[in-house]
Amino acid sequence: MAVDIFALLDRLEDLLANATRVPLTGKVMVDPDEALAVVDEMRELLPEEIRQAGRVTEEKERILEAARAEAEALVRDAKVYAGQLTDESAIARDAQEKAEEAIEQAKRVAREIRAGALDYAEDVLHKVEQSLERAYTTVKKSREELQR
């Protein structure tokens, strides 16, 4: 991008430094449209990860819900399968074992999907947190400079 966050901070600092001073108060009068324009430009430069944080959370929930639905469907299918094979004791034992295997497999798949979704969400949120911390430090330093 042609303009970086530091250039915008410099512009905001110049705006404040060159603003009309109110006598005896130490305060300044700033054109709000100009200040808000700088803030809007700063907002546009924020990393895409920050804007995506909400979407990541929604996607995580969607993945978890899909995993739960898939596990429930596998359990239902396993129960139906087990019910159909109860005519003979050997067949019934085999059906019971297959149903239990299917249930365990469904649970294992659901755990893996959930763990993957949580890991992905944690990674993205960690990156967002780092970006926000960097932006906060920059803004804090700029405000300290302005106060000096």
# chains A, B, ... in the order shown; residues from 1 in each chain; ligands from 1

call {"tool": "residues_around", "arguments": {"residues": "Leu9 (chain A)", "least_positions_apart": "5", "cutoff": "10 Å", "atoms": "only C-alpha atoms", "output": "list in words"}}
result
Asp4, Asp14, Leu15, Val38, Val39, Met42, Thr138, Val139, Ser142 and Arg143 of chain A

call {"tool": "closest_residue", "arguments": {"among": "A:Arg68, A:Lys27, A:Arg55, A:Lys79", "to": "Arg111 (chain A)", "atoms": "only C-alpha atoms"}}
result
A:Arg68

call {"tool": "closest_residue", "arguments": {"among": "A:Val56, A:Leu12, A:Ala95, A:Leu45", "to": "Tyr120 (chain A)", "atoms": "only C-alpha atoms"}}
result
A:Val56

call {"tool": "closest_residue", "arguments": {"among": "A:Lys60, A:Arg11, A:Lys98, A:Lys127", "to": "Leu36 (chain A)", "atoms": "only C-alpha atoms"}}
result
A:Arg11

call {"tool": "closest_residue", "arguments": {"among": "A:Gly116, A:Gly83, A:Thr20, A:Glu70", "to": "Gln96 (chain A)", "atoms": "only C-alpha atoms"}}
result
A:Gly83

call {"tool": "closest_residue", "arguments": {"among": "A:Ile63, A:Tyr136, A:Ala19, A:Ala102", "to": "Arg76 (chain A)", "atoms": "only C-alpha atoms"}}
result
A:Ala102

call {"tool": "closest_residue", "arguments": {"among": "A:Ile103, A:Arg114, A:Glu41, A:Met29", "to": "Phe6 (chain A)", "atoms": "only C-alpha atoms"}}
result
A:Glu41

call {"tool": "residues_around", "arguments": {"residues": "Val75 (chain A)", "least_positions_apart": "2", "cutoff": "12 Å", "atoms": "only C-alpha atoms", "output": "ChimeraX atom specification"}}
result
/A:68-73,77-82,98-107,110

call {"tool": "select_by_dssp", "arguments": {"residues": "chain A", "states": "helix (DSSP H, G or I)", "output": "short mmCIF file (atom, residue, chain, number, x, y, z; two decimals) with N, CA and C atoms, in the first residue's frame"}}
result
data_model
loop_
_atom_site.label_atom_id
_atom_site.label_comp_id
_atom_site.auth_asym_id
_atom_site.auth_seq_id
_atom_site.Cartn_x
_atom_site.Cartn_y
_atom_site.Cartn_z
N ILE A 5 0.71 2.80 7.97
CA ILE A 5 0.10 3.26 9.22
C ILE A 5 0.94 4.37 9.86
N PHE A 6 2.25 4.30 9.70
CA PHE A 6 3.11 5.31 10.31
C PHE A 6 2.94 6.67 9.63
N ALA A 7 2.77 6.65 8.32
CA ALA A 7 2.54 7.91 7.61
C ALA A 7 1.22 8.53 8.07
N LEU A 8 0.23 7.68 8.27
CA LEU A 8 -1.06 8.20 8.75
C LEU A 8 -0.94 8.73 10.18
N LEU A 9 -0.16 8.06 10.99
CA LEU A 9 0.05 8.56 12.35
C LEU A 9 0.78 9.90 12.32
N ASP A 10 1.76 10.02 11.42
CA ASP A 10 2.46 11.30 11.27
C ASP A 10 1.49 12.39 10.83
N ARG A 11 0.59 12.04 9.91
CA ARG A 11 -0.39 13.00 9.44
C ARG A 11 -1.33 13.45 10.57
N LEU A 12 -1.75 12.50 11.39
CA LEU A 12 -2.61 12.81 12.53
C LEU A 12 -1.86 13.67 13.55
N GLU A 13 -0.60 13.35 13.75
CA GLU A 13 0.23 14.14 14.66
C GLU A 13 0.38 15.58 14.14
N ASP A 14 0.64 15.72 12.85
CA ASP A 14 0.75 17.07 12.25
C ASP A 14 -0.56 17.82 12.39
N LEU A 15 -1.66 17.13 12.19
CA LEU A 15 -2.97 17.75 12.32
C LEU A 15 -3.16 18.31 13.74
N LEU A 16 -2.75 17.54 14.72
CA LEU A 16 -2.88 17.98 16.11
C LEU A 16 -1.87 19.09 16.45
N ALA A 17 -0.66 18.94 15.95
CA ALA A 17 0.39 19.92 16.25
C ALA A 17 0.09 21.28 15.61
N PRO A 32 -12.91 17.89 12.66
CA PRO A 32 -13.26 16.49 12.87
C PRO A 32 -13.31 15.68 11.57
N ASP A 33 -13.69 16.30 10.48
CA ASP A 33 -13.74 15.57 9.21
C ASP A 33 -12.36 15.12 8.79
N GLU A 34 -11.40 16.00 8.96
CA GLU A 34 -10.02 15.66 8.58
C GLU A 34 -9.46 14.57 9.50
N ALA A 35 -9.71 14.69 10.81
CA ALA A 35 -9.21 13.68 11.76
C ALA A 35 -9.88 12.34 11.49
N LEU A 36 -11.18 12.34 11.24
CA LEU A 36 -11.90 11.09 10.97
C LEU A 36 -11.46 10.46 9.65
N ALA A 37 -11.10 11.28 8.69
CA ALA A 37 -10.60 10.74 7.42
C ALA A 37 -9.30 9.97 7.65
N VAL A 38 -8.43 10.52 8.50
CA VAL A 38 -7.17 9.83 8.81
C VAL A 38 -7.47 8.51 9.53
N VAL A 39 -8.38 8.56 10.49
CA VAL A 39 -8.75 7.34 11.24
C VAL A 39 -9.33 6.30 10.29
N ASP A 40 -10.17 6.72 9.34
CA ASP A 40 -10.74 5.78 8.37
C ASP A 40 -9.65 5.13 7.53
N GLU A 41 -8.68 5.90 7.11
CA GLU A 41 -7.58 5.34 6.33
C GLU A 41 -6.78 4.34 7.16
N MET A 42 -6.60 4.65 8.45
CA MET A 42 -5.87 3.73 9.33
C MET A 42 -6.65 2.42 9.46
N ARG A 43 -7.95 2.53 9.58
CA ARG A 43 -8.81 1.35 9.71
C ARG A 43 -8.68 0.46 8.47
N GLU A 44 -8.58 1.07 7.30
CA GLU A 44 -8.46 0.30 6.07
C GLU A 44 -7.14 -0.47 6.00
N LEU A 45 -6.12 0.03 6.70
CA LEU A 45 -4.81 -0.62 6.66
C LEU A 45 -4.68 -1.76 7.66
N GLU A 48 -5.95 -7.98 7.38
CA GLU A 48 -7.15 -8.72 7.00
C GLU A 48 -7.53 -9.74 8.09
N GLU A 49 -6.55 -10.24 8.83
CA GLU A 49 -6.84 -11.22 9.88
C GLU A 49 -7.79 -10.66 10.92
N ILE A 50 -7.67 -9.38 11.20
CA ILE A 50 -8.55 -8.78 12.20
C ILE A 50 -9.98 -8.80 11.69
N ARG A 51 -10.16 -8.48 10.42
CA ARG A 51 -11.51 -8.48 9.86
C ARG A 51 -12.06 -9.91 9.75
N GLN A 52 -11.18 -10.88 9.65
CA GLN A 52 -11.62 -12.25 9.47
C GLN A 52 -11.86 -12.98 10.79
N ALA A 53 -11.51 -12.39 11.92
CA ALA A 53 -11.62 -13.07 13.20
C ALA A 53 -13.04 -13.57 13.44
N GLY A 54 -14.02 -12.74 13.16
CA GLY A 54 -15.42 -13.15 13.34
C GLY A 54 -15.80 -14.29 12.42
N ARG A 55 -15.32 -14.21 11.18
CA ARG A 55 -15.65 -15.27 10.23
C ARG A 55 -14.99 -16.58 10.64
N VAL A 56 -13.80 -16.53 11.22
CA VAL A 56 -13.12 -17.74 11.65
C VAL A 56 -13.92 -18.43 12.76
N THR A 57 -14.42 -17.63 13.69
CA THR A 57 -15.21 -18.18 14.78
C THR A 57 -16.47 -18.85 14.23
N GLU A 58 -17.15 -18.19 13.30
CA GLU A 58 -18.35 -18.76 12.69
C GLU A 58 -18.02 -20.06 11.96
N GLU A 59 -16.91 -20.07 11.25
CA GLU A 59 -16.50 -21.27 10.51
C GLU A 59 -16.20 -22.41 11.47
N LYS A 60 -15.55 -22.10 12.59
CA LYS A 60 -15.25 -23.12 13.60
C LYS A 60 -16.54 -23.74 14.11
N GLU A 61 -17.53 -22.91 14.41
CA GLU A 61 -18.81 -23.41 14.90
C GLU A 61 -19.50 -24.27 13.83
N ARG A 62 -19.43 -23.85 12.58
CA ARG A 62 -20.03 -24.61 11.50
C ARG A 62 -19.37 -25.99 11.38
N ILE A 63 -18.04 -26.02 11.48
CA ILE A 63 -17.31 -27.29 11.39
C ILE A 63 -17.67 -28.20 12.55
N LEU A 64 -17.74 -27.63 13.76
CA LEU A 64 -18.10 -28.44 14.92
C LEU A 64 -19.52 -29.00 14.78
N GLU A 65 -20.44 -28.18 14.31
CA GLU A 65 -21.82 -28.64 14.14
C GLU A 65 -21.88 -29.74 13.08
N ALA A 66 -21.13 -29.60 12.01
CA ALA A 66 -21.09 -30.64 10.97
C ALA A 66 -20.53 -31.93 11.53
N ALA A 67 -19.49 -31.82 12.37
CA ALA A 67 -18.90 -33.01 12.99
C ALA A 67 -19.91 -33.69 13.91
N ARG A 68 -20.65 -32.89 14.69
CA ARG A 68 -21.66 -33.48 15.57
C ARG A 68 -22.75 -34.18 14.74
N ALA A 69 -23.20 -33.53 13.67
CA ALA A 69 -24.25 -34.11 12.83
C ALA A 69 -23.76 -35.41 12.18
N GLU A 70 -22.52 -35.41 11.72
CA GLU A 70 -21.96 -36.61 11.10
C GLU A 70 -21.86 -37.74 12.11
N ALA A 71 -21.42 -37.42 13.33
CA ALA A 71 -21.32 -38.44 14.37
C ALA A 71 -22.70 -39.00 14.71
N GLU A 72 -23.69 -38.13 14.83
CA GLU A 72 -25.05 -38.59 15.13
C GLU A 72 -25.58 -39.48 14.01
N ALA A 73 -25.33 -39.10 12.77
CA ALA A 73 -25.79 -39.91 11.64
C ALA A 73 -25.12 -41.28 11.65
N LEU A 74 -23.83 -41.31 11.95
CA LEU A 74 -23.12 -42.59 12.01
C LEU A 74 -23.68 -43.46 13.14
N VAL A 75 -23.98 -42.85 14.27
CA VAL A 75 -24.55 -43.60 15.40
C VAL A 75 -25.91 -44.16 15.01
N ARG A 76 -26.76 -43.31 14.39
CA ARG A 76 -28.08 -43.78 13.94
C ARG A 76 -27.94 -44.95 12.96
N ASP A 77 -27.04 -44.78 11.98
CA ASP A 77 -26.83 -45.84 11.00
C ASP A 77 -26.34 -47.12 11.67
N ALA A 78 -25.46 -46.98 12.63
CA ALA A 78 -24.94 -48.15 13.34
C ALA A 78 -26.05 -48.85 14.12
N LYS A 79 -26.92 -48.07 14.75
CA LYS A 79 -28.04 -48.68 15.50
C LYS A 79 -29.00 -49.39 14.56
N VAL A 80 -29.31 -48.78 13.42
CA VAL A 80 -30.19 -49.41 12.43
C VAL A 80 -29.56 -50.70 11.93
N TYR A 81 -28.29 -50.62 11.63
CA TYR A 81 -27.57 -51.80 11.15
C TYR A 81 -27.60 -52.90 12.19
N ALA A 82 -27.35 -52.54 13.44
CA ALA A 82 -27.36 -53.53 14.51
C ALA A 82 -28.75 -54.13 14.68
N GLY A 83 -29.78 -53.30 14.56
CA GLY A 83 -31.15 -53.81 14.68
C GLY A 83 -31.53 -54.79 13.59
N GLN A 84 -31.02 -54.58 12.40
CA GLN A 84 -31.35 -55.45 11.26
C GLN A 84 -30.66 -56.81 11.35
N SER A 89 -27.71 -65.28 16.71
CA SER A 89 -26.80 -64.80 17.75
C SER A 89 -25.42 -64.46 17.19
N ALA A 90 -24.89 -65.23 16.29
CA ALA A 90 -23.57 -64.94 15.71
C ALA A 90 -23.64 -63.66 14.88
N ILE A 91 -24.73 -63.54 14.13
CA ILE A 91 -24.92 -62.34 13.33
C ILE A 91 -25.15 -61.14 14.25
N ALA A 92 -25.88 -61.37 15.32
CA ALA A 92 -26.14 -60.30 16.28
C ALA A 92 -24.85 -59.82 16.92
N ARG A 93 -23.99 -60.75 17.32
CA ARG A 93 -22.70 -60.36 17.93
C ARG A 93 -21.85 -59.55 16.94
N ASP A 94 -21.86 -60.05 15.68
CA ASP A 94 -21.10 -59.35 14.65
C ASP A 94 -21.66 -57.94 14.44
N ALA A 95 -22.96 -57.84 14.40
CA ALA A 95 -23.59 -56.53 14.21
C ALA A 95 -23.28 -55.60 15.39
N GLN A 96 -23.32 -56.16 16.58
CA GLN A 96 -23.03 -55.35 17.77
C GLN A 96 -21.59 -54.83 17.71
N GLU A 97 -20.67 -55.68 17.32
CA GLU A 97 -19.27 -55.27 17.22
C GLU A 97 -19.09 -54.19 16.15
N LYS A 98 -19.73 -54.38 15.01
CA LYS A 98 -19.63 -53.39 13.94
C LYS A 98 -20.27 -52.06 14.35
N ALA A 99 -21.39 -52.15 15.05
CA ALA A 99 -22.04 -50.93 15.52
C ALA A 99 -21.14 -50.19 16.50
N GLU A 100 -20.53 -50.93 17.40
CA GLU A 100 -19.63 -50.29 18.37
C GLU A 100 -18.41 -49.70 17.67
N GLU A 101 -17.91 -50.42 16.68
CA GLU A 101 -16.78 -49.87 15.91
C GLU A 101 -17.19 -48.60 15.17
N ALA A 102 -18.38 -48.63 14.59
CA ALA A 102 -18.87 -47.44 13.87
C ALA A 102 -19.06 -46.27 14.83
N ILE A 103 -19.60 -46.56 16.00
CA ILE A 103 -19.78 -45.50 17.01
C ILE A 103 -18.42 -44.94 17.43
N GLU A 104 -17.48 -45.81 17.71
CA GLU A 104 -16.14 -45.35 18.11
C GLU A 104 -15.48 -44.57 16.98
N GLN A 105 -15.65 -45.05 15.76
CA GLN A 105 -15.08 -44.33 14.61
C GLN A 105 -15.72 -42.96 14.48
N ALA A 106 -17.03 -42.88 14.65
CA ALA A 106 -17.73 -41.60 14.56
C ALA A 106 -17.24 -40.65 15.65
N LYS A 107 -17.08 -41.16 16.84
CA LYS A 107 -16.58 -40.33 17.94
C LYS A 107 -15.15 -39.86 17.65
N ARG A 108 -14.33 -40.76 17.13
CA ARG A 108 -12.94 -40.42 16.83
C ARG A 108 -12.87 -39.35 15.73
N VAL A 109 -13.69 -39.52 14.69
CA VAL A 109 -13.72 -38.53 13.60
C VAL A 109 -14.19 -37.19 14.13
N ALA A 110 -15.22 -37.21 14.97
CA ALA A 110 -15.73 -35.95 15.53
C ALA A 110 -14.66 -35.27 16.38
N ARG A 111 -13.92 -36.05 17.18
CA ARG A 111 -12.84 -35.46 18.00
C ARG A 111 -11.74 -34.87 17.13
N GLU A 112 -11.38 -35.58 16.05
CA GLU A 112 -10.34 -35.08 15.16
C GLU A 112 -10.77 -33.79 14.45
N ILE A 113 -12.00 -33.76 13.98
CA ILE A 113 -12.50 -32.56 13.31
C ILE A 113 -12.54 -31.40 14.29
N ARG A 114 -13.02 -31.67 15.47
CA ARG A 114 -13.12 -30.62 16.50
C ARG A 114 -11.73 -30.10 16.87
N ALA A 115 -10.78 -31.02 17.07
CA ALA A 115 -9.42 -30.61 17.43
C ALA A 115 -8.80 -29.78 16.31
N GLY A 116 -9.01 -30.20 15.07
CA GLY A 116 -8.47 -29.45 13.94
C GLY A 116 -9.07 -28.06 13.85
N ALA A 117 -10.37 -27.97 14.05
CA ALA A 117 -11.05 -26.67 14.00
C ALA A 117 -10.56 -25.76 15.12
N LEU A 118 -10.41 -26.33 16.31
CA LEU A 118 -9.93 -25.53 17.44
C LEU A 118 -8.49 -25.06 17.23
N ASP A 119 -7.65 -25.94 16.70
CA ASP A 119 -6.26 -25.56 16.42
C ASP A 119 -6.21 -24.43 15.39
N TYR A 120 -7.01 -24.57 14.33
CA TYR A 120 -7.04 -23.54 13.29
C TYR A 120 -7.51 -22.21 13.87
N ALA A 121 -8.60 -22.26 14.63
CA ALA A 121 -9.14 -21.02 15.22
C ALA A 121 -8.12 -20.41 16.17
N GLU A 122 -7.46 -21.22 16.98
CA GLU A 122 -6.47 -20.71 17.94
C GLU A 122 -5.32 -20.04 17.19
N ASP A 123 -4.86 -20.65 16.10
CA ASP A 123 -3.76 -20.08 15.32
C ASP A 123 -4.15 -18.73 14.73
N VAL A 124 -5.31 -18.66 14.12
CA VAL A 124 -5.76 -17.39 13.51
C VAL A 124 -5.95 -16.33 14.58
N LEU A 125 -6.59 -16.69 15.68
CA LEU A 125 -6.83 -15.72 16.75
C LEU A 125 -5.51 -15.25 17.37
N HIS A 126 -4.52 -16.15 17.44
CA HIS A 126 -3.21 -15.75 17.96
C HIS A 126 -2.57 -14.71 17.03
N LYS A 127 -2.69 -14.93 15.72
CA LYS A 127 -2.14 -13.97 14.76
C LYS A 127 -2.86 -12.63 14.87
N VAL A 128 -4.16 -12.68 15.04
CA VAL A 128 -4.95 -11.46 15.21
C VAL A 128 -4.51 -10.73 16.47
N GLU A 129 -4.32 -11.49 17.54
CA GLU A 129 -3.89 -10.88 18.81
C GLU A 129 -2.54 -10.19 18.65
N GLN A 130 -1.61 -10.84 17.95
CA GLN A 130 -0.29 -10.23 17.72
C GLN A 130 -0.43 -8.95 16.91
N SER A 131 -1.27 -8.97 15.87
CA SER A 131 -1.47 -7.77 15.06
C SER A 131 -2.05 -6.64 15.88
N LEU A 132 -3.02 -6.99 16.70
CA LEU A 132 -3.64 -5.97 17.55
C LEU A 132 -2.64 -5.41 18.57
N GLU A 133 -1.80 -6.27 19.12
CA GLU A 133 -0.80 -5.79 20.08
C GLU A 133 0.18 -4.84 19.40
N ARG A 134 0.59 -5.16 18.17
CA ARG A 134 1.50 -4.27 17.46
C ARG A 134 0.83 -2.93 17.18
N ALA A 135 -0.43 -3.00 16.73
CA ALA A 135 -1.17 -1.76 16.44
C ALA A 135 -1.36 -0.95 17.72
N TYR A 136 -1.68 -1.61 18.82
CA TYR A 136 -1.88 -0.92 20.10
C TYR A 136 -0.58 -0.24 20.54
N THR A 137 0.55 -0.95 20.42
CA THR A 137 1.84 -0.37 20.81
C THR A 137 2.15 0.86 19.96
N THR A 138 1.89 0.78 18.67
CA THR A 138 2.13 1.91 17.78
C THR A 138 1.27 3.10 18.17
N VAL A 139 0.00 2.85 18.40
CA VAL A 139 -0.91 3.93 18.78
C VAL A 139 -0.50 4.51 20.12
N LYS A 140 -0.13 3.66 21.06
CA LYS A 140 0.27 4.13 22.39
C LYS A 140 1.53 5.01 22.29
N LYS A 141 2.50 4.59 21.49
CA LYS A 141 3.71 5.38 21.32
C LYS A 141 3.39 6.72 20.66
N SER A 142 2.50 6.68 19.69
CA SER A 142 2.10 7.93 19.02
C SER A 142 1.41 8.87 19.97
N ARG A 143 0.56 8.34 20.81
CA ARG A 143 -0.14 9.20 21.79
C ARG A 143 0.88 9.78 22.78
N GLU A 144 1.86 8.99 23.18
CA GLU A 144 2.88 9.50 24.10
C GLU A 144 3.68 10.61 23.43
N GLU A 145 3.98 10.43 22.15
CA GLU A 145 4.69 11.46 21.41
C GLU A 145 3.86 12.72 21.32
N LEU A 146 2.56 12.55 21.11
CA LEU A 146 1.67 13.71 21.03
C LEU A 146 1.61 14.45 22.37
N GLN A 147 1.67 13.73 23.44
CA GLN A 147 1.57 14.35 24.75
C GLN A 147 2.87 15.06 25.15
#
